[in-house]
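Asks: Input: one structure, supplied below.
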Amino acid sequence: MKVKQISVFLENKNGRLSEVTRILSEGEISLRAMTIADTADFGILRIIAEQPDKCLELLKQHNFTARVTEVIGVRLDDKPGALHEVMQIFEDNKVNIEYLYSTLMLSDDKVVIMFKVEDIDHGLDIIMQNGMEAITAF
Amino acid sequence: MIWNKQAECENRDDRKVKQLYNLKKLVRHVYETIPFYKKKFDDLGVKPDDIKTLADISKLPFTTKDELRETYPYGLLACDKKDVVEIHTSSGTTGTPVLGAYTSNDIKMWGEVMARCLCMAGGTPDDVVQNGYGYGMFTGGLGVHYGSHTLGCNTIPISSGNTKRQLMMMRDFKSTMLTCTPSYSLYMAEQAKEMGIDFKDLSLKAGIFGAEPWSDNMRKEIEEKLNLEAFDIYGLTEIVGPGVSNECQAHNGLHVNEDHFYPEIIDPKTGEVLPEGEKGELVFTTITREGTPIIRYRTRDITWLWHDECSCGRTTVKMHRLLGRTDDMLILRGVNVFPSQIENVLMRIEETEPHYQIVVDRGDSHLDEVELHVEVEPNFFTDETKSLEKIKAKIGAEIKQELGISVIIKLVEPKSIARSEGKAKRVIDKRTL
């Protein structure tokens, strides 16, 4: 139920991000989501790929500092209020969200929102108990 | 004016006689009273009686900065403790400091040599000296202070920092001479612009700048922006502090106060004394110090010495503006820093690799800006920015503790710092001096 997200340490300098996309393109990795958390001098690139293990391996081969982080992908109806519903459930059940972002595409008229929560097992339990759907992989 | 014509313009042969007399006296004294020197002399098989000419100084052992640390606090004290009237320590903060102890005669001598330096820069008793060197354990502040008193100037002991107040004092008390680090003078110029103060409306005629490396380009910039004549001064805590040598108005080398500080240039590899005019490591013997005299101190500074008929009339030997160091010491905002200190700090912090690069630049502020690039240890890379920020803060705090200065920490990707033949280039100095 947990989704493997690849986190990559990136210096804020020209060409680093395109170096990542070049490596992934040459390795024929299909991307489902990508987001950057940035500070003044470095950023952390977070990638959801169809082939996470291969993605990680390729990046490491090219000397990137990368690791797997487990996140939850929650499938939601593509309608107003859907995100709020899950946020409310998380709040009520004290699931602490570190960050979230949306994926690149709809899947069966639904959207997938990726959540990084403090306690992933607790987070997943809450999703299940509330009859919501967490994806396993893309 | 020349402060001490007798000493500074003396016939060179007559000066040599006095230098030899003082050298012999010092050598005998340290041999008889300081076990550290006795052992060093005995190890080389040299006795005080072996010093018959000035050239015989080459028979004596060198003293290094490490030895000064090892003998801290009072291992090299050459007088009774009760005769010490003041102590200073080196500005470097490598754990153990280096001691300079002064008897009242030493303080008098310090005032004398500093008064000579002020005069070399055109100073007279009518001047108002605004002393922007730091007061305290650092020798800069008090050294200039004693010289200014000896010369009889009105002394403004404002110390470093508080730039707005500096400029206000400069305007209100009509300071005629400024003493501070060269980079700080340029910082003042920027601040003055913001405050709407034009240096053309102030009374400064000369500035004596030292304690950090600078160049002729920087001199030009300072002279234009501060509307004064800029002079280079040299000194170090181990010898006395400021006052070892200073430029005169001919601006062609720094006159060494060699009747007190006997200079030599040696080959840093072999330790051999080099003939006059050859480039090498500067070595000093403090032939008149009473508190902490020093035999053949290796300054690690590279320069050369020469005699000429200077238009100012002084006959003292000249040294060229420093050309570099024999070690990797950096001077950052007036503080001596060795890359090895930074390495030690990083070794203590498990979240980083001891792979680093120091990038020094002077930004808009004209003060040294130091960036420390550190490679992230992959095992400690987490997905969160806050944990990386925490590592940054930790490195910053430890470096501040160790070096006494703040540096900007920048985390970089592992293996991104170039390694050339296993040895990385540790320092990138972009300062245009």
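Letters A, B, ... mark the chains of the structure tokens in the order given; residue numbers begin at 1 per chain; ligand numbers begin at 1, in order shown.
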Would you give me, as a Markdown table, each residue of chain A having an atom within 9 Å of an atom of chain B, along with its shortest atom pair and that distance in Å to one decimal, using only C-alpha atoms and sorting by chain and residue number?

Replies:
```
| residue | atom | partner | partner_atom | distance |
| --- | --- | --- | --- | --- |
| A:Ile6 | CA | B:Asp383 | CA | 8.8 |
| A:Ser7 | CA | B:Asp383 | CA | 5.8 |
| A:Val8 | CA | B:Asp383 | CA | 7.8 |
| A:Phe9 | CA | B:Glu413 | CA | 6.9 |
| A:Leu10 | CA | B:Glu413 | CA | 6.7 |
| A:Glu11 | CA | B:Val412 | CA | 5.7 |
| A:Asn12 | CA | B:Val412 | CA | 8.8 |
| A:Ala37 | CA | B:Thr385 | CA | 7.2 |
| A:Asp38 | CA | B:Thr385 | CA | 7.7 |
| A:Thr39 | CA | B:Thr385 | CA | 7.6 |
| A:Asp41 | CA | B:Lys410 | CA | 6.3 |
| A:Phe42 | CA | B:Leu411 | CA | 6.9 |
| A:Gly43 | CA | B:Thr385 | CA | 7.6 |
| A:Ile44 | CA | B:Asp383 | CA | 6.9 |
| A:Leu45 | CA | B:Asp383 | CA | 8.8 |
| A:Arg46 | CA | B:Asp383 | CA | 8.2 |
| A:Asn63 | CA | B:Pro414 | CA | 7.6 |
| A:Phe64 | CA | B:Glu413 | CA | 7.3 |
| A:Thr65 | CA | B:Pro378 | CA | 5.8 |
| A:Ala66 | CA | B:Phe381 | CA | 7.8 |
| A:Arg67 | CA | B:Thr382 | CA | 7.6 |
| A:Val68 | CA | B:Asp383 | CA | 8.4 |
| A:Thr69 | CA | B:Asp383 | CA | 6.8 |
| A:Glu98 | CA | B:Glu384 | CA | 8.7 |
```

Asks: Using the chain letters and numbers from this document, which residues of region 10-69 of chain A does DSSP assign to strand (DSSP E), as a CSV table (one decimal) with C-alpha atoms, in the first residue's frame?

Replies:
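For reference, result_4.csv as written:
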```csv
chain,number,residue,atom,x,y,z
A,10,LEU,CA,20.1,18.7,-5.6
A,11,GLU,CA,22.4,21.6,-5.3
A,31,LEU,CA,7.2,9.7,-14.3
A,32,ARG,CA,4.0,10.1,-12.5
A,33,ALA,CA,4.8,13.0,-10.3
A,34,MET,CA,7.6,15.3,-9.5
A,35,THR,CA,8.0,18.1,-7.0
A,36,ILE,CA,10.9,20.1,-5.5
A,37,ALA,CA,11.3,21.4,-2.0
A,38,ASP,CA,13.8,24.2,-2.2
A,42,PHE,CA,19.8,23.2,-2.1
A,43,GLY,CA,16.6,21.4,-3.1
A,44,ILE,CA,15.1,18.0,-2.6
A,45,LEU,CA,13.5,16.6,-5.7
A,46,ARG,CA,10.8,14.0,-5.1
A,47,ILE,CA,9.9,11.7,-7.9
A,48,ILE,CA,7.1,9.1,-8.3
A,49,ALA,CA,8.0,6.8,-11.1
A,66,ALA,CA,19.1,9.6,-3.6
A,67,ARG,CA,16.9,7.4,-1.3
A,68,VAL,CA,13.5,5.9,-1.1
A,69,THR,CA,10.9,7.5,1.0
```

Asks: Tell me, in Å to one decimal, how far CA of Val95 (chain A) is from CA of Glu351 (chain B).

Replies: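 Between these atoms lies a distance of 28.8 Å.
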
Asks: Check the smallest atom-to-atom distance from each of A:Ile113, A:Asn96, A:Leu17, A:Ala137 to Gln51 (chain A) using only C-alpha atoms, then report the winner.

Replies: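 Result for the nearest residue to Gln51 (chain A): A:Ala137.
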
Asks: Determine the nearest neighbour of Leu59 (chain A) from the options A:Thr21, A:Gln88, A:Thr103, A:Ser30, counting only C-alpha atoms.

Replies: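 Of A:Thr21, A:Gln88, A:Thr103, A:Ser30, the one nearest Leu59 (chain A) is A:Thr21, counting only C-alpha atoms.
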
Asks: For Gly313 (chain B), please output as a PyMOL selection string all residues within 9 Å (counting only C-alpha atoms; exclusion window: fewer than 5 positions along the same chain).

Replies: chain B and resi 2+5+8-9

Asks: I'd like the neighbourhood of region 202-216 of chain B as a list in words, where a residue qualifies if any of its atoms comes within 7 Å (using only C-alpha atoms), though same-chain residues fewer than 2 positions away should be ignored.

Replies: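 Counting only the stated atoms, we get Ala121, Arg171, Lys174, Ser175, Thr176, Met177, Leu178, Thr179, Cys180, Thr181, Pro182, Phe199, Lys200, Met218, Arg219, Lys220, Leu228, Glu229, Ala230, Phe231, Asp232, Ile233, Tyr234, Ile331, Gly334 and Leu433 of chain B.
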
Asks: When you draw a straight line from CA of Phe62 (chain B) to CA of Tyr262 (chain B), how long is it in Å?

Replies: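 Those two atoms sit 13.3 Å apart.
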
Asks: Could you give me, as a PyMOL selection string, the residues within 6 Å of Val74 (chain A), counting only C-alpha atoms and dropping anything in the same chain fewer than 3 positions from it?

Replies: chain A and resi 112-113+133-134

Asks: Could you check how far CA of Asn131 (chain B) sits from CA of Phe173 (chain B), in Å to one decimal?

Replies: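 About the pair CA of Asn131 (chain B) and CA of Phe173 (chain B): they are 12.8 Å apart.
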
Asks: Taking only C-alpha atoms into account, name the residue in A:Gln61, A:Gln5, A:Ser18, A:Gln129 that is nearest to Phe115 (chain A).

Replies: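 For Phe115 (chain A), the nearest of the given residues is A:Gln5.
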
Asks: Would you list the contacts of Ile266 (chain B) as a list in words, taking every protein, DNA or RNA residue within 6 Å and counting only C-alpha atoms, but skipping same-chain residues closer than 3 positions in sequence?

Replies: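 Answer for this query is Gly271, Glu272, Val273, Leu274, Gly280 and Glu281 of chain B.
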
Asks: Can you list, as number ranges by chain, every residue of region 213-407 of chain B that DSSP puts in alpha helix (DSSP H)?

Replies: B: 216-226, 339-348, 385-403

Asks: Within 12 Å of Lys65 (chain B), counting only C-alpha atoms, which residues show up once you throw out same-chain ones fewer than 4 positions away? Write them as a VMD selection string, please.

Replies: chain B and resid 69 to 72 90 92 94 96 to 99 236 to 239 283 294 to 300 327

Asks: Between A:Leu104, A:Val86, A:Val20, A:Val71, which one has atoms that come closest to Ile120 (chain A), using only C-alpha atoms?

Replies: A:Val71
